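S.K.: Just so it is clear, I am handing over run18.cif, which has mmCIF, C-alpha atoms.
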```cif
data_run
loop_
_atom_site.group_PDB
_atom_site.id
_atom_site.type_symbol
_atom_site.label_atom_id
_atom_site.label_comp_id
_atom_site.auth_asym_id
_atom_site.auth_seq_id
_atom_site.Cartn_x
_atom_site.Cartn_y
_atom_site.Cartn_z
ATOM 1 C CA MET A 2 18.748 -4.499 10.695
ATOM 2 C CA SER A 3 15.078 -5.156 11.188
ATOM 3 C CA LYS A 4 12.401 -2.816 9.942
ATOM 4 C CA PHE A 5 9.979 -1.290 12.422
ATOM 5 C CA VAL A 6 6.786 0.448 11.367
ATOM 6 C CA LEU A 7 5.109 2.831 13.784
ATOM 7 C CA ARG A 8 1.322 2.740 13.751
ATOM 8 C CA ALA A 9 -1.007 5.425 15.013
ATOM 9 C CA ALA A 10 -2.557 5.086 18.449
ATOM 10 C CA LEU A 11 -6.016 3.594 18.823
ATOM 11 C CA VAL A 12 -8.655 6.303 18.742
ATOM 12 C CA MET A 13 -9.853 6.565 22.302
ATOM 13 C CA ALA A 14 -11.604 9.907 22.454
ATOM 14 C CA CYS A 15 -14.165 12.145 20.855
ATOM 15 C CA ALA A 16 -15.532 15.513 21.743
ATOM 16 C CA GLY A 17 -17.421 18.544 20.659
ATOM 17 C CA PRO A 18 -19.104 21.598 22.109
ATOM 18 C CA SER A 19 -22.588 20.413 21.132
ATOM 19 C CA GLY A 20 -22.035 16.821 22.264
ATOM 20 C CA ALA A 21 -23.391 17.329 25.800
ATOM 21 C CA ALA A 22 -26.979 17.283 24.539
ATOM 22 C CA LEU A 23 -26.370 13.787 23.204
ATOM 23 C CA GLY A 24 -24.839 12.494 26.439
ATOM 24 C CA CYS A 25 -21.269 13.223 25.393
ATOM 25 C CA GLU A 26 -19.352 15.034 28.111
ATOM 26 C CA TRP A 27 -16.409 16.840 26.574
ATOM 27 C CA TRP A 28 -13.506 18.942 27.642
ATOM 28 C CA THR A 29 -10.674 20.875 26.047
ATOM 29 C CA ALA A 30 -7.599 18.744 26.512
ATOM 30 C CA ALA A 31 -5.343 21.461 25.032
ATOM 31 C CA ASP A 32 -5.746 24.984 23.664
ATOM 32 C CA LEU A 33 -2.598 25.923 21.785
ATOM 33 C CA PRO A 34 -1.576 29.149 20.045
ATOM 34 C CA LEU A 35 -1.103 28.491 16.345
ATOM 35 C CA SER A 36 1.388 30.211 14.057
ATOM 36 C CA LEU A 37 0.951 30.307 10.292
ATOM 37 C CA VAL A 38 4.310 30.693 8.565
ATOM 38 C CA HIS A 39 4.664 30.149 4.812
ATOM 39 C CA ASP A 40 1.404 28.158 4.888
ATOM 40 C CA LYS A 41 2.777 25.935 7.671
ATOM 41 C CA LEU A 42 0.772 25.486 10.877
ATOM 42 C CA LEU A 43 3.182 25.571 13.831
ATOM 43 C CA VAL A 44 2.610 24.920 17.541
ATOM 44 C CA ASP A 45 4.927 25.216 20.520
ATOM 45 C CA VAL A 46 5.278 22.038 22.591
ATOM 46 C CA SER A 47 7.655 20.636 25.182
ATOM 47 C CA ILE A 48 9.819 17.552 24.756
ATOM 48 C CA ASN A 49 11.476 16.148 27.853
ATOM 49 C CA GLY A 50 10.671 19.460 29.540
ATOM 50 C CA MET A 51 12.363 21.584 26.876
ATOM 51 C CA PRO A 52 10.594 23.857 24.362
ATOM 52 C CA ALA A 53 10.208 22.776 20.752
ATOM 53 C CA ARG A 54 8.256 23.934 17.706
ATOM 54 C CA LEU A 55 6.446 21.378 15.548
ATOM 55 C CA ALA A 56 4.427 21.627 12.343
ATOM 56 C CA VAL A 57 0.880 20.247 12.632
ATOM 57 C CA ASP A 58 0.931 17.551 9.969
ATOM 58 C CA THR A 59 -2.148 15.367 9.473
ATOM 59 C CA GLY A 60 -0.380 13.836 6.473
ATOM 60 C CA ALA A 61 2.387 12.347 8.641
ATOM 61 C CA ASP A 62 1.465 9.024 10.189
ATOM 62 C CA VAL A 63 4.148 9.428 12.867
ATOM 63 C CA THR A 64 5.506 12.322 14.895
ATOM 64 C CA MET A 65 9.029 13.231 13.812
ATOM 65 C CA LEU A 66 11.954 15.190 15.197
ATOM 66 C CA THR A 67 14.900 16.610 13.321
ATOM 67 C CA GLN A 68 18.361 15.324 14.134
ATOM 68 C CA PRO A 69 19.422 18.626 15.812
ATOM 69 C CA ALA A 70 16.212 18.787 17.859
ATOM 70 C CA ALA A 71 16.598 15.196 19.035
ATOM 71 C CA ASN A 72 20.139 15.999 20.140
ATOM 72 C CA ARG A 73 19.071 19.188 21.909
ATOM 73 C CA VAL A 74 16.247 17.589 23.925
ATOM 74 C CA ALA A 75 18.270 14.447 24.666
ATOM 75 C CA VAL A 76 16.153 11.863 22.847
ATOM 76 C CA PRO A 77 17.928 8.480 22.733
ATOM 77 C CA ARG A 78 17.887 6.541 19.440
ATOM 78 C CA ASP A 79 17.062 2.913 18.863
ATOM 79 C CA PHE A 80 19.783 1.969 16.392
ATOM 80 C CA ASP A 81 18.517 -1.619 16.142
ATOM 81 C CA HIS A 82 15.374 -0.620 14.252
ATOM 82 C CA SER A 83 14.609 1.795 11.438
ATOM 83 C CA MET A 84 11.696 2.827 9.291
ATOM 84 C CA ALA A 85 11.043 4.324 5.863
ATOM 85 C CA MET A 86 9.455 7.710 5.182
ATOM 86 C CA GLU A 87 7.361 8.147 2.051
ATOM 87 C CA GLY A 88 6.474 11.449 0.434
ATOM 88 C CA VAL A 89 6.391 13.280 -2.854
ATOM 89 C CA GLY A 90 10.178 13.055 -2.863
ATOM 90 C CA GLY A 91 10.085 9.254 -2.804
ATOM 91 C CA THR A 92 11.099 6.883 -0.022
ATOM 92 C CA THR A 93 13.890 7.555 2.459
ATOM 93 C CA ASN A 94 15.438 4.644 4.355
ATOM 94 C CA ARG A 95 17.235 4.397 7.716
ATOM 95 C CA ILE A 96 15.110 6.772 9.740
ATOM 96 C CA TYR A 97 15.773 5.848 13.327
ATOM 97 C CA ILE A 98 13.308 5.649 16.179
ATOM 98 C CA GLY A 99 13.699 7.835 19.233
ATOM 99 C CA HIS A 100 12.168 7.516 22.687
ATOM 100 C CA VAL A 101 10.686 10.694 24.179
ATOM 101 C CA GLY A 102 10.289 10.587 27.937
ATOM 102 C CA ARG A 103 7.457 13.133 27.914
ATOM 103 C CA LEU A 104 5.688 15.121 25.186
ATOM 104 C CA GLY A 105 3.773 18.179 26.388
ATOM 105 C CA LEU A 106 0.944 19.799 24.406
ATOM 106 C CA GLY A 107 -0.411 22.557 26.619
ATOM 107 C CA LYS A 108 -2.190 20.733 29.468
ATOM 108 C CA ILE A 109 -1.605 17.340 27.856
ATOM 109 C CA SER A 110 1.381 15.357 29.078
ATOM 110 C CA LEU A 111 2.139 12.170 27.137
ATOM 111 C CA PRO A 112 4.803 9.868 28.628
ATOM 112 C CA ASP A 113 6.991 7.338 26.808
ATOM 113 C CA ARG A 114 6.394 8.276 23.170
ATOM 114 C CA GLN A 115 8.145 6.812 20.163
ATOM 115 C CA VAL A 116 9.085 9.286 17.427
ATOM 116 C CA ALA A 117 10.900 9.105 14.117
ATOM 117 C CA ILE A 118 14.168 11.008 13.854
ATOM 118 C CA ALA A 119 14.593 12.334 10.340
ATOM 119 C CA ASP A 120 16.720 14.811 8.428
ATOM 120 C CA LEU A 121 13.969 17.404 8.052
ATOM 121 C CA ARG A 122 14.806 20.912 6.892
ATOM 122 C CA GLU A 123 11.837 23.194 7.374
ATOM 123 C CA THR A 124 12.157 26.840 8.435
ATOM 124 C CA ASP A 125 10.052 28.354 11.199
ATOM 125 C CA GLY A 126 9.789 31.839 9.712
ATOM 126 C CA ARG A 127 12.009 33.283 12.438
ATOM 127 C CA GLY A 128 15.305 32.505 10.810
ATOM 128 C CA GLY A 129 15.485 29.068 12.445
ATOM 129 C CA MET A 130 14.386 25.545 11.697
ATOM 130 C CA ILE A 131 11.310 23.797 13.007
ATOM 131 C CA ASP A 132 11.993 20.895 15.337
ATOM 132 C CA GLY A 133 9.773 18.335 13.645
ATOM 133 C CA LEU A 134 6.242 17.262 12.748
ATOM 134 C CA LEU A 135 3.261 16.526 15.009
ATOM 135 C CA GLY A 136 1.680 13.529 13.278
ATOM 136 C CA VAL A 137 -1.547 11.571 13.462
ATOM 137 C CA ASP A 138 -0.143 9.032 15.926
ATOM 138 C CA VAL A 139 -0.742 11.831 18.462
ATOM 139 C CA LEU A 140 -3.500 13.863 16.790
ATOM 140 C CA SER A 141 -5.860 10.946 16.071
ATOM 141 C CA ALA A 142 -6.409 10.361 19.795
ATOM 142 C CA TYR A 143 -8.309 13.679 19.912
ATOM 143 C CA GLU A 144 -10.800 15.755 18.014
ATOM 144 C CA VAL A 145 -8.692 18.417 16.299
ATOM 145 C CA GLU A 146 -10.088 21.930 15.869
ATOM 146 C CA ILE A 147 -7.924 24.265 13.796
ATOM 147 C CA ASP A 148 -8.983 27.906 13.805
ATOM 148 C CA ILE A 149 -6.654 29.643 11.371
ATOM 149 C CA PRO A 150 -8.374 33.079 11.514
ATOM 150 C CA ASN A 151 -7.922 33.201 15.306
ATOM 151 C CA ARG A 152 -4.615 31.303 15.326
ATOM 152 C CA ARG A 153 -5.684 28.549 17.731
ATOM 153 C CA MET A 154 -5.616 24.765 17.760
ATOM 154 C CA MET A 155 -7.812 22.938 20.243
ATOM 155 C CA LEU A 156 -7.597 19.249 21.069
ATOM 156 C CA TRP A 157 -10.879 17.897 22.440
ATOM 157 C CA GLN A 158 -11.451 14.728 24.423
ATOM 158 C CA ALA A 159 -14.494 12.882 25.746
ATOM 159 C CA ALA A 160 -14.777 12.439 29.501
ATOM 160 C CA GLY A 161 -15.151 8.760 30.272
ATOM 161 C CA GLY A 162 -14.477 7.797 26.657
ATOM 162 C CA ASN A 163 -18.166 7.927 25.697
ATOM 163 C CA LEU A 164 -17.476 7.222 22.044
ATOM 164 C CA ALA A 165 -20.972 5.907 21.211
ATOM 165 C CA ALA A 166 -22.636 9.193 22.145
ATOM 166 C CA CYS A 167 -20.026 11.313 20.405
ATOM 167 C CA ALA A 168 -20.179 9.262 17.216
ATOM 168 C CA SER A 169 -23.868 10.012 16.664
ATOM 169 C CA PRO A 170 -24.594 11.307 13.142
ATOM 170 C CA ASP A 171 -26.491 14.183 14.788
ATOM 171 C CA TRP A 172 -23.386 15.450 16.514
ATOM 172 C CA ALA A 173 -21.555 18.554 15.261
ATOM 173 C CA PRO A 174 -19.466 21.365 16.755
ATOM 174 C CA ASP A 175 -21.552 24.073 18.346
ATOM 175 C CA TRP A 176 -20.342 26.860 16.099
ATOM 176 C CA ALA A 177 -22.152 30.096 15.380
ATOM 177 C CA GLY A 178 -23.146 30.441 11.752
ATOM 178 C CA SER A 179 -23.205 27.921 8.946
ATOM 179 C CA ARG A 180 -20.903 24.950 8.455
ATOM 180 C CA GLN A 181 -20.280 22.175 5.987
ATOM 181 C CA THR A 182 -19.948 18.503 6.882
ATOM 182 C CA ILE A 183 -17.757 16.259 4.736
ATOM 183 C CA ALA A 184 -17.477 12.495 5.191
ATOM 184 C CA LEU A 185 -13.907 11.231 5.494
ATOM 185 C CA THR A 186 -12.344 7.806 5.078
ATOM 186 C CA GLN A 187 -9.717 6.736 7.593
ATOM 187 C CA GLY A 188 -6.913 4.476 6.418
ATOM 188 C CA ALA A 189 -5.061 1.814 8.364
ATOM 189 C CA ASP A 190 -2.357 4.431 8.983
ATOM 190 C CA GLN A 191 -5.031 6.647 10.672
ATOM 191 C CA ARG A 192 -4.671 9.373 8.054
ATOM 192 C CA MET A 193 -7.918 10.787 6.712
ATOM 193 C CA ARG A 194 -8.885 10.768 3.032
ATOM 194 C CA VAL A 195 -11.088 13.532 1.635
ATOM 195 C CA PRO A 196 -13.313 13.352 -1.468
ATOM 196 C CA VAL A 197 -12.555 16.253 -3.813
ATOM 197 C CA GLN A 198 -13.651 17.112 -7.336
ATOM 198 C CA VAL A 199 -11.052 18.338 -9.830
ATOM 199 C CA ASN A 200 -12.912 19.689 -12.850
ATOM 200 C CA GLN A 201 -15.648 17.026 -12.953
ATOM 201 C CA THR A 202 -13.461 14.141 -11.777
ATOM 202 C CA ASN A 203 -13.737 12.643 -8.290
ATOM 203 C CA VAL A 204 -10.418 12.101 -6.511
ATOM 204 C CA MET A 205 -9.519 10.930 -3.009
ATOM 205 C CA LEU A 206 -6.835 13.003 -1.295
ATOM 206 C CA ILE A 207 -4.946 12.576 1.967
ATOM 207 C CA LEU A 208 -5.887 15.386 4.368
ATOM 208 C CA ASP A 209 -2.452 16.925 4.824
ATOM 209 C CA THR A 210 -2.135 20.096 6.902
ATOM 210 C CA GLY A 211 1.623 19.757 6.527
ATOM 211 C CA SER A 212 1.421 20.500 2.810
ATOM 212 C CA PRO A 213 1.012 24.158 1.842
ATOM 213 C CA VAL A 214 -0.785 23.263 -1.400
ATOM 214 C CA LEU A 215 -2.999 20.662 -3.019
ATOM 215 C CA VAL A 216 -0.891 18.106 -4.921
ATOM 216 C CA LEU A 217 -2.054 15.514 -7.479
ATOM 217 C CA THR A 218 -0.445 12.393 -8.835
ATOM 218 C CA ALA A 219 0.044 12.244 -12.592
ATOM 219 C CA ARG A 220 -2.553 9.468 -12.813
ATOM 220 C CA ALA A 221 -5.227 11.567 -11.091
ATOM 221 C CA ALA A 222 -4.336 14.675 -13.104
ATOM 222 C CA ALA A 223 -4.617 12.713 -16.351
ATOM 223 C CA ARG A 224 -8.138 11.606 -15.412
ATOM 224 C CA ALA A 225 -9.174 15.148 -14.542
ATOM 225 C CA ALA A 226 -7.491 16.844 -17.492
ATOM 226 C CA GLY A 227 -8.247 14.188 -20.089
ATOM 227 C CA GLY A 228 -4.591 13.307 -20.609
ATOM 228 C CA ILE A 229 -1.033 14.190 -19.677
ATOM 229 C CA ASP A 230 0.260 17.523 -20.940
ATOM 230 C CA ASP A 231 4.006 17.085 -21.363
ATOM 231 C CA ASP A 232 4.284 20.754 -22.286
ATOM 232 C CA ALA A 233 2.896 21.937 -18.928
ATOM 233 C CA PRO A 234 5.412 24.106 -17.040
ATOM 234 C CA MET A 235 7.750 22.107 -14.807
ATOM 235 C CA GLY A 236 9.479 23.040 -11.592
ATOM 236 C CA VAL A 237 11.659 21.345 -9.000
ATOM 237 C CA GLY A 238 10.933 21.344 -5.284
ATOM 238 C CA MET A 239 12.226 19.705 -2.129
ATOM 239 C CA ALA A 240 10.008 17.341 -0.172
ATOM 240 C CA VAL A 241 9.931 17.060 3.610
ATOM 241 C CA ASN A 242 12.323 14.093 3.331
ATOM 242 C CA ASN A 243 14.839 16.394 1.580
ATOM 243 C CA ARG A 244 14.567 14.660 -1.777
ATOM 244 C CA ASN A 245 14.124 16.766 -4.867
ATOM 245 C CA PHE A 246 11.036 16.130 -6.932
ATOM 246 C CA SER A 247 9.848 17.472 -10.244
ATOM 247 C CA ALA A 248 6.276 18.605 -10.788
ATOM 248 C CA HIS A 249 4.285 19.871 -13.726
ATOM 249 C CA ALA A 250 2.060 22.871 -13.053
ATOM 250 C CA TYR A 251 -1.454 22.130 -14.269
ATOM 251 C CA ARG A 252 -4.244 24.670 -14.359
ATOM 252 C CA PHE A 253 -7.697 23.314 -13.484
ATOM 253 C CA SER A 254 -10.875 25.324 -13.966
ATOM 254 C CA ARG A 255 -12.543 24.036 -10.798
ATOM 255 C CA VAL A 256 -11.500 22.316 -7.559
ATOM 256 C CA ALA A 257 -14.296 21.609 -5.082
ATOM 257 C CA MET A 258 -14.827 20.004 -1.684
ATOM 258 C CA ALA A 259 -18.564 19.852 -0.949
ATOM 259 C CA ASN A 260 -19.764 23.476 -1.293
ATOM 260 C CA THR A 261 -16.270 24.957 -1.086
ATOM 261 C CA VAL A 262 -15.130 25.789 -4.615
ATOM 262 C CA ALA A 263 -11.916 27.290 -5.971
ATOM 263 C CA ARG A 264 -11.615 28.261 -9.620
ATOM 264 C CA ASP A 265 -8.701 28.587 -12.009
ATOM 265 C CA VAL A 266 -6.345 26.686 -9.700
ATOM 266 C CA ILE A 267 -2.718 25.873 -10.502
ATOM 267 C CA VAL A 268 -1.862 22.449 -9.047
ATOM 268 C CA PRO A 269 1.544 20.741 -8.868
ATOM 269 C CA VAL A 270 1.404 17.278 -10.422
ATOM 270 C CA VAL A 271 4.068 14.714 -9.502
ATOM 271 C CA SER A 272 4.805 11.504 -11.324
ATOM 272 C CA ASN A 273 6.600 9.326 -8.747
ATOM 273 C CA GLY A 274 3.998 6.849 -7.538
ATOM 274 C CA ASP A 275 0.393 7.043 -6.491
ATOM 275 C CA TRP A 276 0.788 6.915 -2.685
ATOM 276 C CA LEU A 277 -0.613 3.442 -2.219
ATOM 277 C CA GLY A 278 -3.614 4.042 -4.449
ATOM 278 C CA TYR A 279 -4.583 7.547 -3.384
ATOM 279 C CA ASP A 280 -4.721 10.504 -5.703
ATOM 280 C CA GLY A 281 -2.674 13.131 -3.896
ATOM 281 C CA LEU A 282 -2.637 15.507 -0.953
ATOM 282 C CA LEU A 283 -5.200 18.062 0.212
ATOM 283 C CA GLY A 284 -2.921 20.788 1.544
ATOM 284 C CA LEU A 285 -4.009 24.153 2.911
ATOM 285 C CA THR A 286 -4.248 26.019 -0.413
ATOM 286 C CA PRO A 287 -6.769 26.543 -1.929
ATOM 287 C CA LEU A 288 -9.625 24.854 -0.014
ATOM 288 C CA LEU A 289 -8.497 25.128 3.634
ATOM 289 C CA GLN A 290 -6.515 28.344 3.498
ATOM 290 C CA GLY A 291 -7.617 30.803 6.187
ATOM 291 C CA ARG A 292 -10.452 28.533 7.337
ATOM 292 C CA HIS A 293 -11.844 27.247 10.622
ATOM 293 C CA PHE A 294 -12.203 23.476 10.508
ATOM 294 C CA TRP A 295 -12.608 20.456 12.753
ATOM 295 C CA ILE A 296 -11.167 17.009 11.993
ATOM 296 C CA SER A 297 -13.266 14.376 13.753
ATOM 297 C CA TYR A 298 -11.208 11.222 14.041
ATOM 298 C CA ALA A 299 -13.984 9.693 16.167
ATOM 299 C CA THR A 300 -16.781 10.150 13.629
ATOM 300 C CA GLY A 301 -14.867 10.297 10.340
ATOM 301 C CA ARG A 302 -16.026 13.762 9.347
ATOM 302 C CA LEU A 303 -14.591 17.155 8.499
ATOM 303 C CA PHE A 304 -16.534 20.196 9.696
ATOM 304 C CA LEU A 305 -15.745 23.405 7.856
ATOM 305 C CA GLN A 306 -16.853 26.990 8.308
ATOM 306 C CA PRO A 307 -17.029 29.287 5.266
#
```
If you convert what's in this file into structure tokens, what do you get?

M.R.:
Amino acid sequence: MSKFVLRAALVMACAGPSGAALGCEWWTAADLPLSLVHDKLLVDVSINGMPARLAVDTGADVTMLTQPAANRVAVPRDFDHSMAMEGVGGTTNRIYIGHVGRLGLGKISLPDRQVAIADLRETDGRGGMIDGLLGVDVLSAYEVEIDIPNRRMMLWQAAGGNLAACASPDWAPDWAGSRQTIALTQGADQRMRVPVQVNQTNVMLILDTGSPVLVLTARAAARAAGGIDDDAPMGVGMAVNNRNFSAHAYRFSRVAMANTVARDVIVPVVSNGDWLGYDGLLGLTPLLQGRHFWISYATGRLFLQP
């Protein structure tokens, strides 16, 4: 059986409310109600014309459906190819590829999409299971505005694909009040990396809205803490790929992203791998929890309101 690796779509759009002054004509491609359940960001979509609920996951390089959801919305599998899924629970093999006839995100209608079909087990807070993950293969084609206080997610797009105007360093969302701007680094898998300070140590974390908490690798935690504490409390969790993982609970005096600072933070530290050289995951807690932020895939920046 051959291996098949899905790559994110080429970034074709940018946007922003203040872009018009710079010659960037923008429009709201989708304005979706957002649910926050157990620190999971959930949106309602349609797959092959049928309703589905997906978690917004900027840490997933591909969009995924659960096995039951794929069956319910009649997504055919490609049994001749498979892919691997990596996460804090390790690597899972034999994840098949499905072919979605049409994916609907509000006003957006995306035909002929490939998705991964995985054995995900995430609850939706209503006594049911979520139907999958909305990954960066879809999200990176837009500017993604997540407004947790007002429970909205907006996907912005540039009319005419005027990327040069939108990518100007002077461009920023036209928000009332103050904002912070943080430079991001985009990997070959289209996922964004965020510079964060843990104590006084610089680390590079994957921007992962699918993770409820910030997670560090043991290597990064050892740099920040000055060594590994084998006596730190340990717990066992289940990763999105349904593999158990063990994590030590470290307490750090300071975790900061630009001017956003959290103090006395307990961080899970996992020992299985270093995620291809990166130091961990920037989940929602503590730095993005309850915030209004904008992920600019076009310009490689994160805009954040206090």

S.K.: When you look at Ile147 in chain A with a cut-off of 9 Å (counting only C-alpha atoms), what residues show up, excluding the ones that are within fewer than 5 positions of it in the same chain? I need them as a list in words.

M.R.: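 Using only C-alpha atoms, the neighbours found are Leu35, Arg152, Arg153, Met154, Met155, Leu156, Arg292, His293, Phe294, Trp295 and Ile296 of chain A.
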
S.K.: Would you save the residues of that selection, restricted to C-alpha atoms, as a CSV table (one decimal), keeping the file's coordinate frame?

M.R.:
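The result, written out as selection-v1.csv:
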```csv
chain,number,residue,atom,x,y,z
A,35,LEU,CA,-1.1,28.5,16.3
A,152,ARG,CA,-4.6,31.3,15.3
A,153,ARG,CA,-5.7,28.5,17.7
A,154,MET,CA,-5.6,24.8,17.8
A,155,MET,CA,-7.8,22.9,20.2
A,156,LEU,CA,-7.6,19.2,21.1
A,292,ARG,CA,-10.5,28.5,7.3
A,293,HIS,CA,-11.8,27.2,10.6
A,294,PHE,CA,-12.2,23.5,10.5
A,295,TRP,CA,-12.6,20.5,12.8
A,296,ILE,CA,-11.2,17.0,12.0
```

S.K.: Env of range 216-226 of chain A: 12 Å cut, atoms = all atoms listed in the file, seq-sep filter 5 positions within chain, self excluded. Answer as an MDAnalysis selection string.

M.R.: chainID A and resid 88:89 197:209 211 231 233 240 247:256 266:287

S.K.: Could you tell me which residues the PyMOL selection byres ((chain A and resi 62) around 7) grabs in this file, written as a list in words?

M.R.: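 Expected selection for the PyMOL selection byres ((chain A and resi 62) around 7) here is Ala9, Gly60, Ala61, Val63, Gly136, Val137, Asp138, Asp190, Gln191 and Arg192 of chain A.
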
S.K.: Spell out the residues picked by the PyMOL selection byres ((chain A and resi 77) around 12) here, as a PyMOL selection string.

M.R.: chain A and resi 49+66+68+70-76+78-80+97-102+113-118

S.K.: Which one of A:Ile48, A:Ala259, A:Ile183, A:Val214 sits closest to Thr300 in chain A if you count only C-alpha atoms?

M.R.: A:Ile183

S.K.: Between CA of Pro69 in chain A and CA of Ala56 in chain A, what is the distance, to one decimal in Å?

M.R.: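 Taking CA of Pro69 in chain A as the start and CA of Ala56 in chain A as the end point, the length is 15.7 Å.
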
S.K.: Just the residues within 12 Å of Ser47 in chain A, please, counting all atoms listed in the file, with nothing from its chain fewer than 6 positions along; format it as a PyMOL selection string.

M.R.: chain A and resi 53-55+70+73-74+101-112+132-133+135

S.K.: Rank nothing, just name the residue among A:Ala160, A:Leu140, A:Ile149, A:Pro196 nearest to Lys41 in chain A, using all atoms listed in the file.

M.R.: A:Ile149

S.K.: Quick check, in Å to one decimal: how far apart do CA of Thr261 in chain A and CA of Gln181 in chain A lie?

M.R.: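 Interatomic distance, CA of Thr261 in chain A to CA of Gln181 in chain A: 8.6 Å.
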
S.K.: Could you check how far CA of Ile131 in chain A sits from CA of Ser297 in chain A, in Å to one decimal?

M.R.: 26.3 Å

S.K.: List, as a list in words, every residue that the PyMOL selection byres ((chain A and resi 27) around 6) selects in the file provided.

M.R.: Ala16, Glu26, Trp28, Gln158, Ala159 and Ala160 of chain A
